[in-house]
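Okay, structure first, notes after.
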Amino acid sequence: MTSPINRTLQTWRASPTLAHVAPLAAFMLLGGLAGWFLIDNEELPWWRHSPEHWVYPLQTVVAGALLWWFRDHYRLAPWRGLPLATALGALGIVVWLLPAWAYTWFGVADWPQPTFGIPMVSADDSPVWSYLGLAVREDGFDPWLFEDQPWVTSFVIAMRFLRMVVVVALIEEIFWRSFLMRYVIADDREFHEIEFGTHSWKAYFVTTLLFALIHAHEDWLGALVYGSLTYYVAIKTRSLAACVWMHAVANLLLGLYVIISGHHGFW
């Protein structure tokens, strides 16, 4: 006889909606742990002043396990449009990085900050330019925290790339393109009855705007452009695989850029 717990798990596992939403939801909820545990005091143990070093691997493992558990719901095929996805993934990440480069090139730090009539206590109270991505992007996840232990550093970097190139690429495209794009135009139908890549301006605006808003405000402009390019790939190829591949290429290039440049604020 099947136990109530097993019946509940089987019901959950059979849900197409849960399969498309749960991995990203779990990923984001676990991400909040970093803020709860963070105490900005380097005299404390690393897991308190840099909790992202254990939270990020935890996100990777849990979201990865959910992807595997729900794997029967995902339809990556057809595997087409990969050259287009590669090109637009590279273009998207270049556009994402351009404002930070422009910040240095044009000396944005010396520009007056518009206040729109709102009193400021300090110059940092109204980072208007940062909403266009014009900001310093050096503070963030530091892969060299354990540089005196090379094997730990290698593990940290490997897990960071596994998280962003594989897990994030899958959970985000499964949610944004495979679920939300179809859900907002499904009306009284089930979202999975809508063909992947079906075009709708409503789907475009809802998906792209929400995709941008879950990122840091410095990334909004880049995320809007990148989200638009991914939407184009989705409707052009009608292939979830192409969207996941594009995201993986973009995140791989971004990760390599961060390692080389030291601009840790991008990841």
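A note on labels: chains of the structure tokens are A, B, ... as shown, every chain counts residues from 1, and ligands are counted from 1 in their shown order.
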
Closest contacts (region 34-82 of chain A/region 190-210 of chain A, max 12 Å, only C-alpha atoms) as CSV:
```
residue,atom,partner,partner_atom,distance
A:His73,CA,A:His192,CA,9.6
A:Tyr74,CA,A:His192,CA,10.3
A:Arg75,CA,A:Phe196,CA,9.4
A:Leu76,CA,A:Phe196,CA,10.1
A:Ala77,CA,A:Phe196,CA,10.4
A:Pro78,CA,A:Phe196,CA,10.7
```

Residue subset to file, keeping N, CA and C atoms, as a PDB file, in the first residue's frame:
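Wrote it out as part.pdb, contents follow:
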```
ATOM      1  N   HIS A  73       9.265  16.085 -17.389  1.00  0.00           N
ATOM      2  CA  HIS A  73       8.385  17.164 -17.855  1.00  0.00           C
ATOM      3  C   HIS A  73       9.061  18.094 -18.867  1.00  0.00           C
ATOM      4  N   TYR A  74      10.367  17.998 -18.994  1.00  0.00           N
ATOM      5  CA  TYR A  74      11.086  18.973 -19.809  1.00  0.00           C
ATOM      6  C   TYR A  74      11.327  18.442 -21.214  1.00  0.00           C
ATOM      7  N   ARG A  75      11.063  19.280 -22.203  1.00  0.00           N
ATOM      8  CA  ARG A  75      11.259  18.926 -23.605  1.00  0.00           C
ATOM      9  C   ARG A  75      12.248  19.905 -24.232  1.00  0.00           C
ATOM     10  N   LEU A  76      13.517  19.555 -24.180  1.00  0.00           N
ATOM     11  CA  LEU A  76      14.539  20.426 -24.751  1.00  0.00           C
ATOM     12  C   LEU A  76      14.506  20.403 -26.277  1.00  0.00           C
ATOM     13  N   ALA A  77      14.228  19.254 -26.859  1.00  0.00           N
ATOM     14  CA  ALA A  77      14.215  19.106 -28.315  1.00  0.00           C
ATOM     15  C   ALA A  77      13.121  19.992 -28.930  1.00  0.00           C
ATOM     16  N   PRO A  78      13.318  20.386 -30.190  1.00  0.00           N
ATOM     17  CA  PRO A  78      14.395  20.004 -31.110  1.00  0.00           C
ATOM     18  C   PRO A  78      15.679  20.797 -30.838  1.00  0.00           C
TER      19      PRO A  78
END
```

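Every protein, DNA or RNA residue with an atom at most 9 Å from region 158-160 of chain A, where only C-alpha atoms count and chain neighbours fewer than 3 positions away do not, is listed here: Tyr56, Pro57, Thr60, Pro143, Thr153, Ser154, Phe155, Arg163, Met164, Val165 and Gly255 of chain A.
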
Residue selection dump (C-alpha atoms) as a PDB file, in the first residue's frame:
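Dumped everything to result_26.pdb:
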```
ATOM      1  CA  TYR A  56      25.571  28.912  -3.701  1.00  0.00           C
ATOM      2  CA  PRO A  57      26.644  25.229  -3.641  1.00  0.00           C
ATOM      3  CA  THR A  60      23.199  24.188  -7.022  1.00  0.00           C
ATOM      4  CA  PRO A 143      36.367  33.182  -5.762  1.00  0.00           C
ATOM      5  CA  THR A 153      39.594  27.484  -4.580  1.00  0.00           C
ATOM      6  CA  SER A 154      39.330  25.080  -7.517  1.00  0.00           C
ATOM      7  CA  PHE A 155      36.222  23.518  -5.982  1.00  0.00           C
ATOM      8  CA  ARG A 163      25.726  26.829 -10.856  1.00  0.00           C
ATOM      9  CA  MET A 164      25.655  29.580 -13.470  1.00  0.00           C
ATOM     10  CA  VAL A 165      26.362  27.676 -16.686  1.00  0.00           C
ATOM     11  CA  GLY A 255      32.041  33.974 -15.601  1.00  0.00           C
TER      12      GLY A 255
END
```

Report task. Rank A:Val94, A:Val128, A:Val55, A:Ala248 by their smallest atom-to-atom distance to Leu33 (chain A), using only C-alpha atoms, and report the top residue only. Result -> A:Val55

Report summary line: If you count only C-alpha atoms, the residue of A:Tyr226, A:Trp144, A:Phe27, A:Phe211 closest to Ile259 (chain A) turns out to be A:Trp144

Requested in this report: Just list the residues in region 172-246 of chain A DSSP gives alpha helix (DSSP H) on the backbone, as number ranges by chain.
Outcome: A: 172-173, 181-183, 201-213, 220-237, 240-246

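Interatomic distance, CA of His20 (chain A) to CA of Ile171 (chain A): 7.8 Å.
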
Selection: 10 Å around Ala241 (chain A), only C-alpha atoms, excl. self and same-chain fewer than 4 positions, as a PDB file with N, CA and C atoms, in the first residue's frame:
```pdb
ATOM      1  N   ARG A  75      11.063  19.280 -22.203  1.00  0.00           N
ATOM      2  CA  ARG A  75      11.259  18.926 -23.605  1.00  0.00           C
ATOM      3  C   ARG A  75      12.248  19.905 -24.232  1.00  0.00           C
ATOM      4  N   LEU A  76      13.517  19.555 -24.180  1.00  0.00           N
ATOM      5  CA  LEU A  76      14.539  20.426 -24.751  1.00  0.00           C
ATOM      6  C   LEU A  76      14.506  20.403 -26.277  1.00  0.00           C
ATOM      7  N   ALA A  77      14.228  19.254 -26.859  1.00  0.00           N
ATOM      8  CA  ALA A  77      14.215  19.106 -28.315  1.00  0.00           C
ATOM      9  C   ALA A  77      13.121  19.992 -28.930  1.00  0.00           C
ATOM     10  N   PRO A  78      13.318  20.386 -30.190  1.00  0.00           N
ATOM     11  CA  PRO A  78      14.395  20.004 -31.110  1.00  0.00           C
ATOM     12  C   PRO A  78      15.679  20.797 -30.838  1.00  0.00           C
ATOM     13  N   TRP A  79      16.802  20.130 -31.094  1.00  0.00           N
ATOM     14  CA  TRP A  79      18.110  20.752 -30.918  1.00  0.00           C
ATOM     15  C   TRP A  79      18.485  21.482 -32.206  1.00  0.00           C
ATOM     16  N   ARG A  80      17.979  22.695 -32.332  1.00  0.00           N
ATOM     17  CA  ARG A  80      18.264  23.480 -33.536  1.00  0.00           C
ATOM     18  C   ARG A  80      18.471  24.939 -33.133  1.00  0.00           C
ATOM     19  N   GLY A  81      19.044  25.691 -34.052  1.00  0.00           N
ATOM     20  CA  GLY A  81      19.278  27.108 -33.787  1.00  0.00           C
ATOM     21  C   GLY A  81      20.427  27.386 -32.856  1.00  0.00           C
ATOM     22  N   LEU A  82      21.308  26.394 -32.645  1.00  0.00           N
ATOM     23  CA  LEU A  82      22.404  26.601 -31.685  1.00  0.00           C
ATOM     24  C   LEU A  82      23.417  27.655 -32.151  1.00  0.00           C
ATOM     25  N   ALA A  85      21.824  30.893 -31.287  1.00  0.00           N
ATOM     26  CA  ALA A  85      21.826  31.038 -29.828  1.00  0.00           C
ATOM     27  C   ALA A  85      23.210  31.404 -29.308  1.00  0.00           C
ATOM     28  N   LEU A 170      19.350  26.192 -16.999  1.00  0.00           N
ATOM     29  CA  LEU A 170      18.197  25.296 -17.091  1.00  0.00           C
ATOM     30  C   LEU A 170      16.988  25.829 -16.322  1.00  0.00           C
ATOM     31  N   GLU A 173      15.470  29.175 -17.972  1.00  0.00           N
ATOM     32  CA  GLU A 173      14.792  29.013 -19.262  1.00  0.00           C
ATOM     33  C   GLU A 173      13.575  28.108 -19.141  1.00  0.00           C
ATOM     34  N   ILE A 174      13.632  27.106 -18.267  1.00  0.00           N
ATOM     35  CA  ILE A 174      12.464  26.259 -18.030  1.00  0.00           C
ATOM     36  C   ILE A 174      11.320  27.095 -17.444  1.00  0.00           C
ATOM     37  N   ALA A 234      13.626  32.074 -28.773  1.00  0.00           N
ATOM     38  CA  ALA A 234      12.532  31.148 -28.459  1.00  0.00           C
ATOM     39  C   ALA A 234      11.518  31.070 -29.596  1.00  0.00           C
ATOM     40  N   THR A 237      13.379  29.745 -33.089  1.00  0.00           N
ATOM     41  CA  THR A 237      13.781  28.336 -33.155  1.00  0.00           C
ATOM     42  C   THR A 237      12.714  27.385 -32.632  1.00  0.00           C
ATOM     43  N   TRP A 245      20.934  26.758 -24.227  1.00  0.00           N
ATOM     44  CA  TRP A 245      22.293  26.869 -24.758  1.00  0.00           C
ATOM     45  C   TRP A 245      22.743  28.329 -24.781  1.00  0.00           C
ATOM     46  N   MET A 246      21.856  29.222 -25.222  1.00  0.00           N
ATOM     47  CA  MET A 246      22.184  30.651 -25.250  1.00  0.00           C
ATOM     48  C   MET A 246      22.517  31.154 -23.857  1.00  0.00           C
ATOM     49  N   HIS A 247      21.718  30.765 -22.874  1.00  0.00           N
ATOM     50  CA  HIS A 247      21.943  31.190 -21.493  1.00  0.00           C
ATOM     51  C   HIS A 247      23.261  30.628 -20.963  1.00  0.00           C
TER      52      HIS A 247
END
```

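Counting only C-alpha atoms, Trp96 (chain A) has the following residues at most 10 Å away, ignoring those fewer than 2 positions along the same chain: Ala90, Leu91, Gly92, Ile93, Val94, Leu98, Pro99, Ala100, Trp101, Gly133, Glu218, Asp219, Trp220, Leu221, Gly222, Ala223, Leu224, Val225, Tyr226, Ala250, Leu254 and Phe266 of chain A.
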
Requested in this report: Considering only C-alpha atoms, return as a VMD selection string whatever protein or nucleic-acid residues lie within 12 Å of Trp111 (chain A), sequence-local ones (same chain, fewer than 4 positions apart) excluded.
Outcome: chain A and resid 103 to 104 106 to 107 123 127 to 130 134 to 135

I need the chosen residues saved as a PDB file, in the first residue's frame, with C-alpha atoms.
```
ATOM      1  CA  TYR A 103      31.483  53.941 -16.505  1.00  0.00           C
ATOM      2  CA  THR A 104      35.273  53.944 -16.630  1.00  0.00           C
ATOM      3  CA  PHE A 106      33.491  58.338 -19.634  1.00  0.00           C
ATOM      4  CA  GLY A 107      34.313  59.056 -15.997  1.00  0.00           C
ATOM      5  CA  ALA A 123      26.090  61.539  -2.835  1.00  0.00           C
ATOM      6  CA  PRO A 127      22.622  56.440  -7.707  1.00  0.00           C
ATOM      7  CA  VAL A 128      20.639  57.420 -10.794  1.00  0.00           C
ATOM      8  CA  TRP A 129      23.334  56.413 -13.236  1.00  0.00           C
ATOM      9  CA  SER A 130      23.545  52.947 -11.725  1.00  0.00           C
ATOM     10  CA  LEU A 134      26.804  52.817 -15.031  1.00  0.00           C
ATOM     11  CA  ALA A 135      28.405  51.650 -11.805  1.00  0.00           C
TER      12      ALA A 135
END
```

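The two atoms in question, CA of Leu29 (chain A) and CA of Leu229 (chain A), are spaced 27.2 Å apart.
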
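The residue set within 10 Å of Val258 (chain A), counting only C-alpha atoms and dropping same-chain residues fewer than 2 places from it, reads A:Arg137, A:Glu138, A:Phe141, A:Asp142, A:Pro143, A:Leu252, A:Leu253, A:Leu254, A:Gly255, A:Leu256, A:Ile260, A:Ser261, A:Gly262, A:His263, A:His264, A:Gly265, A:Phe266, A:Trp267.
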
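Here CA of Arg238 (chain A) stands at a distance of 20.3 Å from CA of Val166 (chain A).
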
Query raised in the report: Of the candidates A:Phe175, A:Tyr131, A:Phe161, A:Trp68, which one gets nearest to Val21 (chain A) if we count only C-alpha atoms?
Result: A:Phe175

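Considering only C-alpha atoms, the residue among A:Leu240, A:Val167, A:Leu88, A:Ile214 positioned nearest to Val62 (chain A) is A:Val167.
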